[in-house]
Each structure stands twice: as structure tokens, then as C-alpha cells.
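Structure data follow from query.txt (compact mmCIF, C-alpha atoms):
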```
# COMPACT_ATOMS: atom_id res chain seq x y z
CA MET A 1 71.58 38.79 117.82
CA ASN A 2 74.62 40.82 116.72
CA PHE A 3 75.12 39.45 113.19
CA ASP A 4 78.39 41.31 112.63
CA ARG A 5 79.85 39.79 115.77
CA ILE A 6 78.60 36.30 114.82
CA LYS A 7 80.18 36.69 111.39
CA GLU A 8 83.46 37.77 112.97
CA LYS A 9 83.42 34.76 115.31
CA LEU A 10 82.65 32.47 112.39
CA ASN A 11 85.61 33.80 110.40
CA ILE A 12 87.97 33.31 113.36
CA LEU A 13 86.76 29.91 114.55
CA ALA A 14 86.23 28.35 111.12
CA ASP A 15 89.76 29.37 110.12
CA ALA A 16 91.18 27.87 113.34
CA ALA A 17 89.38 24.57 112.66
CA LYS A 18 90.99 24.01 109.25
CA TYR A 19 94.02 22.30 110.79
CA ASP A 20 91.90 19.35 111.86
CA VAL A 21 91.46 16.89 108.97
CA SER A 22 89.67 14.11 110.84
CA CYS A 23 86.20 15.15 109.72
CA SER A 24 85.17 12.29 107.45
CA SER A 25 81.50 11.50 107.95
CA SER A 26 81.07 8.17 106.23
CA GLY A 27 79.86 5.22 108.24
CA SER A 28 76.81 6.68 109.96
CA LYS A 29 73.16 5.91 109.27
CA ARG A 30 70.68 8.14 111.08
CA ALA A 31 67.20 8.13 109.56
CA ASN A 32 64.95 11.17 109.60
CA LYS A 33 62.17 10.86 112.15
CA ASN A 34 59.17 12.89 113.25
CA LYS A 35 59.52 15.16 110.22
CA GLY A 36 62.82 16.48 111.53
CA LEU A 37 65.67 18.21 109.73
CA GLY A 38 68.03 16.23 107.53
CA ASP A 39 69.30 12.70 107.71
CA SER A 40 72.70 11.06 107.63
CA SER A 41 72.67 8.16 105.19
CA GLY A 42 74.91 5.13 105.11
CA MET A 43 76.63 6.50 102.04
CA GLY A 44 77.96 9.44 104.06
CA ILE A 45 77.31 13.05 103.22
CA CYS A 46 78.60 15.22 100.37
CA HIS A 47 82.15 16.42 100.73
CA SER A 48 83.92 19.45 99.37
CA TYR A 49 87.66 20.06 99.51
CA THR A 50 90.03 22.94 99.92
CA GLU A 51 92.76 23.59 97.35
CA ASP A 52 95.22 21.48 99.36
CA GLY A 53 92.81 18.53 99.40
CA ARG A 54 91.55 18.80 102.97
CA CYS A 55 87.97 17.89 103.71
CA VAL A 56 85.59 20.73 104.61
CA SER A 57 82.35 18.90 104.06
CA LEU A 58 80.62 20.04 107.25
CA LEU A 59 80.10 23.24 109.15
CA LYS A 60 83.53 22.87 110.67
CA ILE A 61 84.25 25.22 113.56
CA LEU A 62 85.77 25.50 117.00
CA LEU A 63 83.56 26.33 119.94
CA THR A 64 86.45 28.53 121.07
CA ASN A 65 90.10 29.14 120.23
CA HIS A 66 90.90 30.03 123.83
CA CYS A 67 93.09 27.30 125.34
CA ILE A 68 94.76 26.64 128.67
CA PHE A 69 97.54 24.62 126.99
CA ASP A 70 100.65 25.87 125.21
CA CYS A 71 101.34 23.09 122.68
CA ALA A 72 104.13 24.28 120.39
CA TYR A 73 102.51 22.88 117.22
CA CYS A 74 99.06 24.41 117.79
CA VAL A 75 97.91 27.73 116.36
CA THR A 76 95.52 28.25 119.32
CA ARG A 77 98.16 27.72 122.02
CA LYS A 78 97.81 30.19 124.87
CA SER A 79 101.11 31.99 124.14
CA ASN A 80 100.19 32.72 120.52
CA ASP A 81 99.20 36.32 119.86
CA ILE A 82 95.99 35.75 117.89
CA LYS A 83 92.49 37.15 118.02
CA ARG A 84 90.37 35.04 120.35
CA ALA A 85 86.66 34.26 120.17
CA ALA A 86 84.09 31.87 121.61
CA PHE A 87 80.63 30.82 120.51
CA LYS A 88 77.73 30.45 122.89
CA VAL A 89 76.01 27.08 122.72
CA GLN A 90 72.86 28.53 121.17
CA GLU A 91 74.88 30.42 118.54
CA VAL A 92 76.35 27.16 117.22
CA VAL A 93 72.90 25.56 117.19
CA ASP A 94 71.43 28.51 115.27
CA LEU A 95 74.31 28.58 112.77
CA THR A 96 73.99 24.85 112.09
CA ILE A 97 70.23 25.04 111.51
CA ASN A 98 70.43 28.19 109.37
CA PHE A 99 73.28 26.82 107.25
CA TYR A 100 71.45 23.54 106.82
CA ARG A 101 68.20 25.23 105.76
CA ARG A 102 70.17 27.08 103.06
CA ASN A 103 71.67 23.80 101.86
CA TYR A 104 75.21 24.98 102.66
CA ILE A 105 75.97 21.99 104.89
CA GLU A 106 74.71 18.56 105.77
CA GLY A 107 76.13 18.32 109.26
CA LEU A 108 78.38 19.72 111.96
CA PHE A 109 82.00 19.09 112.90
CA LEU A 110 82.59 20.74 116.27
CA SER A 111 85.91 20.92 118.05
CA SER A 112 87.28 23.32 120.63
CA GLY A 113 90.22 24.72 122.46
CA ILE A 114 90.15 23.91 126.16
CA PHE A 115 88.99 26.71 128.42
CA LYS A 116 88.82 26.32 132.22
CA ASN A 117 89.14 22.50 132.12
CA ALA A 118 88.32 19.43 130.05
CA ASP A 119 84.90 18.74 131.60
CA TYR A 120 83.69 22.34 131.27
CA THR A 121 84.59 22.36 127.57
CA MET A 122 83.21 18.89 126.85
CA GLU A 123 79.96 19.75 128.62
CA ARG A 124 79.40 22.65 126.23
CA LEU A 125 80.16 20.53 123.17
CA VAL A 126 77.64 17.93 124.33
CA ALA A 127 75.09 20.68 125.00
CA VAL A 128 75.27 21.77 121.34
CA ALA A 129 74.61 18.24 120.07
CA LYS A 130 71.84 17.67 122.63
CA LYS A 131 70.03 20.86 121.66
CA LEU A 132 70.28 20.01 117.97
CA ARG A 133 68.87 16.53 118.49
CA GLU A 134 66.21 17.17 121.13
CA GLU A 135 65.11 20.76 120.56
CA GLU A 136 65.65 21.18 116.81
CA ASN A 137 64.93 17.55 115.88
CA PHE A 138 68.09 17.62 113.75
CA ASN A 139 68.97 14.23 112.25
CA GLY A 140 71.97 15.30 110.20
CA TYR A 141 75.54 14.22 110.85
CA ILE A 142 77.31 15.43 114.00
CA HIS A 143 80.99 14.84 114.73
CA LEU A 144 82.17 15.95 118.18
CA LYS A 145 85.80 16.27 119.20
CA SER A 146 86.30 14.55 122.53
CA ILE A 147 88.33 16.61 124.96
CA PRO A 148 91.30 14.74 126.49
CA GLY A 149 90.68 14.24 130.20
CA ALA A 150 86.87 14.55 129.98
CA SER A 151 84.86 12.44 132.43
CA ASP A 152 83.35 9.07 131.54
CA GLU A 153 79.84 10.44 132.12
CA LEU A 154 80.28 13.20 129.54
CA MET A 155 81.83 10.80 127.04
CA ARG A 156 78.88 8.43 127.42
CA GLU A 157 76.42 11.29 126.87
CA ALA A 158 78.38 12.60 123.87
CA GLY A 159 78.07 9.30 122.04
CA LEU A 160 74.29 9.28 122.42
CA TYR A 161 73.97 12.53 120.43
CA ALA A 162 76.96 12.46 118.06
CA ASP A 163 77.48 10.17 115.07
CA ARG A 164 81.24 10.11 115.47
CA LEU A 165 83.59 10.99 118.31
CA SER A 166 87.31 11.59 118.01
CA VAL A 167 90.28 12.32 120.21
CA ASN A 168 93.40 13.51 118.42
CA ILE A 169 96.54 11.94 119.86
CA GLU A 170 98.32 14.80 118.05
CA ILE A 171 101.92 13.51 118.14
CA PRO A 172 102.67 9.86 117.21
CA THR A 173 105.04 9.09 120.09
CA VAL A 174 105.04 9.76 123.83
CA SER A 175 108.50 11.34 123.59
CA GLY A 176 107.36 13.69 120.83
CA LEU A 177 104.32 14.78 122.85
CA LYS A 178 106.49 15.38 125.91
CA LEU A 179 108.82 17.56 123.84
CA LEU A 180 106.16 19.76 122.24
CA ALA A 181 103.29 19.60 124.75
CA PRO A 182 104.83 18.91 128.18
CA ASP A 183 101.56 19.80 129.97
CA LYS A 184 99.71 16.92 128.26
CA LYS A 185 99.82 13.23 129.05
CA ARG A 186 99.14 10.38 126.64
CA GLU A 187 96.84 8.72 129.19
CA ASP A 188 94.49 11.73 128.98
CA PHE A 189 93.96 10.88 125.30
CA ILE A 190 93.62 7.15 125.96
CA LYS A 191 90.95 7.38 128.66
CA PRO A 192 88.12 8.84 126.51
CA MET A 193 89.07 6.54 123.60
CA LEU A 194 88.73 3.51 125.86
CA LYS A 195 85.40 4.78 127.20
CA VAL A 196 84.00 5.22 123.67
CA LYS A 197 85.21 1.77 122.61
CA ASN A 198 83.62 0.10 125.63
CA GLU A 199 80.35 2.03 125.29
CA ILE A 200 80.03 1.05 121.61
CA ILE A 201 80.51 -2.61 122.52
CA GLN A 202 78.06 -2.40 125.42
CA TYR A 203 75.31 -0.62 123.48
CA LYS A 204 75.61 -3.03 120.57
CA SER A 205 75.30 -5.95 122.95
CA GLU A 206 72.25 -4.44 124.68
CA LYS A 207 70.57 -3.64 121.37
CA LYS A 208 70.59 -7.33 120.45
CA ILE A 209 68.36 -7.93 123.49
CA ILE A 210 66.40 -4.67 123.68
CA LYS A 211 65.63 -3.26 120.23
CA SER A 212 64.77 0.19 121.61
CA THR A 213 68.33 0.65 122.93
CA PRO A 214 69.76 3.81 121.30
CA VAL A 215 72.74 3.57 118.96
CA TYR A 216 75.95 4.86 120.49
CA ALA A 217 78.33 6.75 118.18
CA PRO A 218 77.14 4.86 115.06
CA ALA A 219 80.09 6.10 112.96
CA GLY A 220 82.59 5.02 115.62
CA GLN A 221 85.64 7.01 116.62
CA SER A 222 88.71 8.35 114.87
CA THR A 223 91.96 10.08 115.73
CA GLN A 224 94.60 12.22 114.05
CA MET A 225 98.38 12.52 114.15
CA ILE A 226 100.49 15.47 113.12
CA ILE A 227 103.22 14.34 110.73
CA GLY A 228 106.58 16.04 110.41
CA ALA A 229 106.55 18.15 113.57
CA THR A 230 108.88 15.73 115.32
CA GLY A 231 111.41 13.18 114.09
CA GLU A 232 109.41 9.95 114.07
CA THR A 233 110.03 7.46 111.29
CA ASP A 234 107.16 6.19 109.17
CA ALA A 235 107.54 2.85 110.94
CA GLN A 236 106.91 4.47 114.33
CA ILE A 237 103.86 6.28 112.92
CA MET A 238 102.36 3.15 111.35
CA TYR A 239 102.96 1.00 114.43
CA THR A 240 101.12 3.65 116.46
CA SER A 241 98.23 3.52 113.96
CA ALA A 242 98.13 -0.28 114.05
CA HIS A 243 97.96 -0.14 117.85
CA PHE A 244 94.93 2.16 117.81
CA TYR A 245 93.14 0.18 115.10
CA LYS A 246 93.61 -3.05 117.03
CA ASN A 247 93.04 -1.91 120.60
CA PHE A 248 90.50 0.90 120.22
CA HIS A 249 88.55 -0.23 117.14
CA MET A 250 89.28 3.03 115.32
CA LYS A 251 87.32 3.71 112.15
CA ARG A 252 90.07 5.93 110.82
CA VAL A 253 93.47 7.30 111.74
CA TYR A 254 94.17 10.57 109.96
CA TYR A 255 97.61 11.94 109.08
CA SER A 256 98.08 15.70 108.93
CA GLY A 257 101.29 17.15 107.53
CA TYR A 258 102.63 19.77 109.93
CA ILE A 259 102.11 23.34 108.75
CA PRO A 260 104.90 25.52 110.21
CA ILE A 261 103.21 28.19 112.34
CA SER A 262 105.75 28.89 115.05
CA TYR A 263 109.24 30.28 115.51
CA ASP A 264 110.28 27.52 117.86
CA ASP A 265 113.58 25.67 117.81
CA ARG A 266 111.76 22.40 118.52
CA LEU A 267 109.80 22.62 115.26
CA PRO A 268 110.49 22.91 111.51
CA SER A 269 111.11 26.56 110.67
CA ILE A 270 108.54 28.88 109.11
CA GLY A 271 108.61 28.38 105.35
CA THR A 272 109.40 24.65 105.54
CA GLU A 273 107.30 22.78 103.00
CA VAL A 274 104.26 20.90 104.32
CA PRO A 275 105.02 17.15 103.91
CA MET A 276 102.01 16.42 101.68
CA LEU A 277 103.84 13.69 99.75
CA ARG A 278 104.74 11.87 102.96
CA GLU A 279 101.17 12.28 104.20
CA ASN A 280 99.90 10.68 100.97
CA ARG A 281 102.22 7.68 101.33
CA LEU A 282 101.12 7.16 104.93
CA TYR A 283 97.48 7.09 103.84
CA GLN A 284 98.38 4.48 101.19
CA ALA A 285 100.17 2.36 103.79
CA ASP A 286 97.19 2.77 106.13
CA TRP A 287 94.92 1.50 103.33
CA LEU A 288 97.11 -1.58 102.88
CA LEU A 289 96.84 -2.38 106.60
CA ARG A 290 93.07 -1.96 106.72
CA PHE A 291 91.92 -3.50 103.46
CA TYR A 292 94.73 -5.46 101.79
CA GLY A 293 95.92 -7.77 104.58
CA PHE A 294 99.37 -6.27 105.05
CA ASP A 295 101.22 -5.97 108.35
CA VAL A 296 103.40 -2.99 109.30
CA LYS A 297 106.47 -5.21 109.54
CA GLU A 298 106.05 -6.17 105.87
CA LEU A 299 105.97 -2.56 104.68
CA LEU A 300 108.54 -1.06 107.05
CA THR A 301 111.60 -2.62 108.65
CA LYS A 302 114.74 -1.57 110.51
CA GLU A 303 116.54 -1.47 107.16
CA HIS A 304 113.60 0.31 105.50
CA PRO A 305 112.01 2.51 108.25
CA ASN A 306 110.49 5.10 105.91
CA LEU A 307 108.16 4.80 102.94
CA ASP A 308 109.59 5.53 99.51
CA ALA A 309 108.81 8.95 98.12
CA ASP A 310 108.76 8.00 94.46
CA ILE A 311 106.69 4.79 94.49
CA ASP A 312 103.66 3.59 96.46
CA PRO A 313 104.09 1.21 99.44
CA LYS A 314 102.67 -1.88 97.72
CA LEU A 315 105.01 -1.54 94.73
CA SER A 316 107.90 -0.95 97.13
CA TRP A 317 107.04 -4.17 98.98
CA ALA A 318 106.73 -6.12 95.73
CA LEU A 319 110.13 -4.95 94.49
CA ARG A 320 111.67 -6.14 97.76
CA ASN A 321 109.91 -9.51 97.46
CA LEU A 322 110.28 -10.47 93.80
CA GLU A 323 110.56 -14.14 94.77
CA LYS A 324 106.78 -14.10 95.39
CA PHE A 325 106.12 -13.21 91.73
CA PRO A 326 104.93 -13.76 89.05
CA VAL A 327 101.40 -14.56 90.21
CA ASN A 328 99.09 -16.65 88.04
CA ILE A 329 96.02 -14.44 87.85
CA ASN A 330 93.75 -17.42 87.11
CA LYS A 331 94.77 -19.48 90.15
CA ALA A 332 95.93 -17.11 92.91
CA SER A 333 93.93 -16.67 96.11
CA LYS A 334 92.20 -13.42 97.03
CA HIS A 335 94.96 -12.67 99.55
CA VAL A 336 97.69 -13.05 96.90
CA LEU A 337 95.78 -11.11 94.23
CA ALA A 338 95.44 -8.17 96.64
CA ARG A 339 99.24 -7.94 96.85
CA ILE A 340 99.83 -7.42 93.14
CA PRO A 341 100.86 -3.80 92.40
CA GLY A 342 98.17 -2.02 90.41
CA VAL A 343 95.36 -4.36 91.46
CA GLY A 344 92.80 -2.78 93.79
CA MET A 345 90.27 -4.66 95.89
CA ARG A 346 87.44 -4.01 93.42
CA SER A 347 89.54 -5.56 90.68
CA VAL A 348 90.34 -8.53 92.94
CA HIS A 349 86.62 -9.25 93.32
CA LYS A 350 86.03 -8.82 89.57
CA ILE A 351 88.89 -11.21 88.74
CA ILE A 352 87.56 -13.87 91.13
CA GLN A 353 84.08 -13.62 89.61
CA ALA A 354 85.24 -13.49 85.97
CA ARG A 355 87.61 -16.46 86.14
CA LYS A 356 84.71 -18.72 87.18
CA TYR A 357 83.66 -18.67 83.53
CA ARG A 358 86.96 -18.67 81.66
CA ASN A 359 90.69 -18.15 81.99
CA LEU A 360 91.55 -14.47 81.82
CA ASN A 361 93.99 -12.92 79.34
CA TRP A 362 95.53 -9.46 79.04
CA GLU A 363 92.50 -8.02 77.28
CA HIS A 364 90.17 -9.23 80.01
CA LEU A 365 92.40 -7.71 82.68
CA LYS A 366 92.48 -4.36 80.88
CA ASN A 367 88.67 -4.38 80.74
CA ILE A 368 88.49 -5.18 84.44
CA GLY A 369 90.46 -2.00 85.03
CA ILE A 370 93.69 -3.03 86.70
CA ALA A 371 96.66 -0.66 86.38
CA MET A 372 98.52 -2.57 83.67
CA ASN A 373 101.57 -0.29 83.75
CA ARG A 374 102.40 -1.85 87.12
CA ALA A 375 100.58 -5.17 87.27
CA LYS A 376 101.92 -6.61 83.99
CA TYR A 377 105.40 -7.10 85.48
CA PHE A 378 104.10 -9.24 88.35
CA ILE A 379 101.53 -11.57 86.78
CA THR A 380 100.93 -14.28 84.19
CA CYS A 381 97.59 -15.00 82.53
CA ASP A 382 96.04 -16.96 79.65
CA SER A 383 98.40 -15.50 77.07
CA LYS A 384 101.70 -16.40 75.45
CA ASP A 385 102.89 -12.82 75.82
CA PHE A 386 104.31 -11.99 79.21
CA GLU A 387 106.41 -9.30 80.90
CA THR A 388 107.94 -11.37 83.69
CA LYS A 389 111.49 -11.37 82.38
CA ASP A 390 114.57 -11.54 84.55
CA ARG A 391 114.89 -7.95 85.77
CA THR A 392 116.40 -6.45 88.88
CA PRO A 393 114.22 -4.41 91.28
CA GLY A 394 115.96 -1.28 90.04
CA GLN A 395 115.22 -2.07 86.39
CA LEU A 396 111.56 -2.81 87.13
CA LYS A 397 111.19 0.37 89.14
CA SER A 398 112.67 2.42 86.33
CA LEU A 399 110.35 0.85 83.73
CA ILE A 400 107.25 1.40 85.86
CA MET A 401 108.11 5.01 86.68
CA GLN A 402 108.62 5.78 83.00
CA GLU A 403 105.05 4.68 82.33
CA SER A 404 103.50 6.32 85.39
CA THR A 405 102.21 9.76 86.22
CA SER A 406 101.72 11.32 89.64
CA LYS A 407 100.38 14.59 90.99
CA PHE A 408 103.47 14.54 93.24
CA ARG A 409 105.93 14.14 90.37
CA LYS A 410 107.38 17.61 90.94
CA ALA A 411 107.95 16.85 94.61
CA TYR A 412 110.67 14.29 93.98
CA SER A 413 113.46 13.46 91.57
CA ASN A 414 115.97 10.64 91.15
CA GLN A 415 118.27 12.49 93.56
CA LEU A 416 115.87 11.67 96.41
CA ASN A 417 116.86 8.03 96.10
CA LEU A 418 120.20 8.90 97.68
CA PHE A 419 118.60 9.94 100.93
CA ASP A 420 116.43 8.35 103.62
CA THR A 421 113.26 10.32 102.76
CA GLN A 422 109.48 9.89 102.80
CA THR A 423 105.72 10.03 99.95
CA PRO A 424 94.04 6.98 95.64
CA LEU A 425 93.43 4.07 95.85
CA VAL A 426 94.65 1.42 93.43
CA ILE A 427 97.96 0.39 94.90
```

I'd like the structure from this file rewritten - as C-alpha cells, please.
Amino acid sequence: MNFDRIKEKLNILADAAKYDVSCSSSGSKRANKNKGLGDSSGMGICHSYTEDGRCVSLLKILLTNHCIFDCAYCVTRKSNDIKRAAFKVQEVVDLTINFYRRNYIEGLFLSSGIFKNADYTMERLVAVAKKLREEENFNGYIHLKSIPGASDELMREAGLYADRLSVNIEIPTVSGLKLLAPDKKREDFIKPMLKVKNEIIQYKSEKKIIKSTPVYAPAGQSTQMIIGATGETDAQIMYTSAHFYKNFHMKRVYYSGYIPISYDDRLPSIGTEVPMLRENRLYQADWLLRFYGFDVKELLTKEHPNLDADIDPKLSWALRNLEKFPVNINKASKHVLARIPGVGMRSVHKIIQARKYRNLNWEHLKNIGIAMNRAKYFITCDSKDFETKDRTPGQLKSLIMQESTSKFRKAYSNQLNLFDTQTPLVI
């Protein structure tokens, strides 16, 4: 083995993989068996993060950065003048095992550019996972990127060896994809997603009857959208996410702020700031859809198509719906409690449990851990003191912002309120 060449490939293909953020590993449970290597527990594996907050918890590489497509937003597009490299299947297997033995990683995230065609590329990705499982007895976490257009047979096989599968839809809208990647079709992304969804359902159903039935993609599937490369509103982005959650049983939709890499008139120019604040707000809105019972149409409307930059989506909704407040913390339902700004789902459960024994006052709520700087303006409790005075949405917003801190504070100012702009988790 030429170690210098392997190291060079690793530098090239690990760097190319950093633009993919959909590498969360939580949700899988794969027990160690036959004295094999590693295990992937239900708690997920350890994560580390880059300086910009992106997850790099796994050995995260591309099989190759060669690609037959010329997507304007992609650093590995065929017209880009970059150094190319490709791993052999056995090289990825050896790297994974050697890194694991040294305790550098606890799993593998493997994606790829597309060389020759979708099936040829997907076949090699599956071969890596198959070798790890069957030849190396590796029970650690494996996330495989599904290649758009890959056959149903390969997708079925991939899910038998990988913990999670994902297909990145890349651009939120069909029109945006057509503009920046005219060689690609949305249906090529949809087909493997639908196959994975149906296989998961089928295998779960069979396992109820035959216990020895293998688990198919136990951590489900995910997808990713690039944010800020095209002109979609936040409403368009969130409706796309809601569609994939509902119709494809997605575990996660990831949002990746576009990093300008191309001198192309269709894209933001080189030097344009990465929309990290907008990305953060989209994740908060996503959380509200998945765990707090909100609907997209409540958070975003024709009159309000983009999320506020300076306040989180739940507070923004509350300020636009003051007639629903104040909420009596000792009587409100779980659904209503979850909509109070500053009250997370853990606090909701604590409140419901605690009020079985007595009416709660401000001191109790502080001890429970709710964010009082926001919540106190929207609730009443077992206390004569209260903050629910007659205030306009603007006055409330100003008061709350004066008492709040944010890592994104420098990214916005009051001037942003004049424009139609965009911006973990107690919301």
C-alpha cells in the first residue's frame, strides 16, 4: 500500500465531504455480535464539530470527487479545476478499521461524486458497507449517501448494511434545481427515497412475523437542502421539508447555508457571507414542526414569508398571536404549554408532573428551568405578581431582546427590521 498516496487521497476526499452536513448518527441501535468491532448504541455516537458548527463525528469522506454532472453549486462539478482522486473499495474499508482501532472514529459517513453512472457508483458504496459488515465484522455506525437514479435492487441492498441512508435533494424547489443543475431531475432524487421508505415499512412488518428478519436502515433516511444559493423564501423551504417528513418518513431534513465557491452569475458572488443565521432559524422552525405541534402555515404566511432574523420562530408567532395569551401555567394543556416562548418540551413535561402536587409559582418555574426572560410575558401562575400588561408586539419584542443574548447578535441590528430578511433548543 502506498501510504503517501492514501494520505493524499484522504486529504482531498475528506475536504470535499465537508460540505455535506447530513451526517447525524443518532437513532440507530446495532449491538456488537460475534466479538466484532464496535457497536452503534441507541444514544448515537460521539460527535465533534468544526469551528463553524458542522458535524464531523464520523470518518466522513467521498469515495471519489470525480463527477459526471456540472451542478453550479457543487465544488466537485466536472467543470471545476480541482485535484481529483478516488478510493478503491478496500482502501475505504482499511481506513475505517484502522481509524476505529485507534479510537479516532466510531463509524463511517460515505458519500461520492458520480462517475460513469448512478448504479456503478452506488454499487461501490454498497460494496464498502458489505465488506465492513461481513468480512470485518464491523458493527459500528455506517451512513451511506444514496446516489440519485440508483436501481431499486441496490437501494434495497444498501439498507441491509447501512444504519442510515440519505439522498440530498440539494435545492429546495424544482425551478431552482433546473436553474443550477439542468442535467438533474427531481424524480431521480424521489425514486430512491420512496424505495427506502417502502423497504423500511416492509421489513418492519415482516419482522413482526419472523423475528430473524434483518433490520433495514434502522436509523431511517435523511436529506439536505442548500440554503441561499437560489431565491426561495423560508416558506417555500419549510413547505418542502414538511412534504418530505410527511410523505417519505424522513428522520431529519438538514439545511446547509450556501458557501460561495463559483464565479457564476446564477449564484451569490465569491465573498458573500454564508447565511448561518438563516440556517439556524430554519432549524428552529424545523424543530417546531417536528416536536412542538406547529404547522408551516402558522409560522410563515404570504404576509410573513421569511423567518425573523432577530427573534426565534416561536416568539415571532407568539407576538403575532397575542390574543392567545396569557396562558395559565397551572391549567393549560400540553399542546398550549409547548407554544409558550421560552418553554421547551422538557419543561412542558416537568410542569405537567409538578402541578399534580401543587399550583406552580414563579419560583417553581425558575427551578424547572424555563427561559423566564421570554416566558414571563406570556403566562400567569400562582402569584400576585405578573408581567402580562397591555403591551404592543413591538414593545414586548423590545423588552425581550434587551434581556436576551445570542451568538448571532453581531449578525443583525435594528436596521434589519426594515427589510424582508432571514435567522438550541428552548424556543

How big is the axis-aligned box, and where does its centre sit, when it encloses all atoms of region 154-167 of chain A listed in the file and has 5 Å added on every side, reported in Å to one decimal as AutoDock Vina command-line options?
```
--center_x 82.1 --center_y 10.8 --center_z 122.3 --size_x 26.3 --size_y 14.8 --size_z 24.5
```

With all atoms listed in the file counted and 7 Å as the cut-off, give the residues of region 82-103 of chain A in contact with region 120-139 of chain A, each with its shortest interatomic distance in Å and the pair that gives it, as a tab-separated table.
```
residue	atom	partner	partner_atom	distance
A:Val89	CA	A:Val128	CA	5.5
A:Val92	CA	A:Val128	CA	6.9
A:Val93	CA	A:Val128	CA	6.1
```

Ranking A:His335, A:Asn306, A:Glu323, A:Thr380 by minimum distance to Pro393 (chain A) and counting only C-alpha atoms, which one comes first?
A:Glu323

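Using all atoms listed in the file, the smallest distance between any of A:Asp4, A:Tyr203, A:Ala217, A:Gly107 and Tyr161 (chain A) comes from A:Ala217.
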
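The smallest atom-to-atom distance between Ser347 (chain A) and any of A:Leu360, A:Ala371, A:Lys324, A:Pro313, using all atoms listed in the file, is found for A:Ala371.
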
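CA of Ile12 (chain A) is positioned 9.5 Å from CA of Ile82 (chain A).
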
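The spacing separating CA of Glu363 (chain A) from CA of Ser383 (chain A) amounts to 9.5 Å.
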
Need to verify the contact set: Ile261 (chain A), 12 Å, only C-alpha atoms, exclusion of same-chain residues closer than 6 positions in sequence. Can you return it as a list in words?
Tyr19, Cys71, Ala72, Tyr73, Cys74, Val75, Thr76, Arg77, Asn80, Asp81, Ile82, Ala229, Leu267, Pro268, Ser269, Ile270, Gly271, Thr272, Glu273 and Val274 of chain A

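As for CA of Thr173 (chain A) and CA of Leu300 (chain A), they are spaced 16.9 Å apart.
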
Considering all atoms listed in the file, return as a short mmCIF file (atom, residue, chain, number, x, y, z; two decimals) with C-alpha atoms, keeping the file's coordinate frame whatever protein or nucleic-acid residues lie within 8 Å of Ser151 (chain A), sequence-local ones (same chain, fewer than 3 positions apart) excluded.
```
data_model
loop_
_atom_site.label_atom_id
_atom_site.label_comp_id
_atom_site.auth_asym_id
_atom_site.auth_seq_id
_atom_site.Cartn_x
_atom_site.Cartn_y
_atom_site.Cartn_z
CA ASP A 119 84.90 18.74 131.60
CA LEU A 154 80.28 13.20 129.54
CA MET A 155 81.83 10.80 127.04
CA PRO A 192 88.12 8.84 126.51
#
```

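Residue nearest Lys83 (chain A), chosen from A:Asn65, A:Asn168, A:Asn361, A:Ser222 and counting only C-alpha atoms: A:Asn65.
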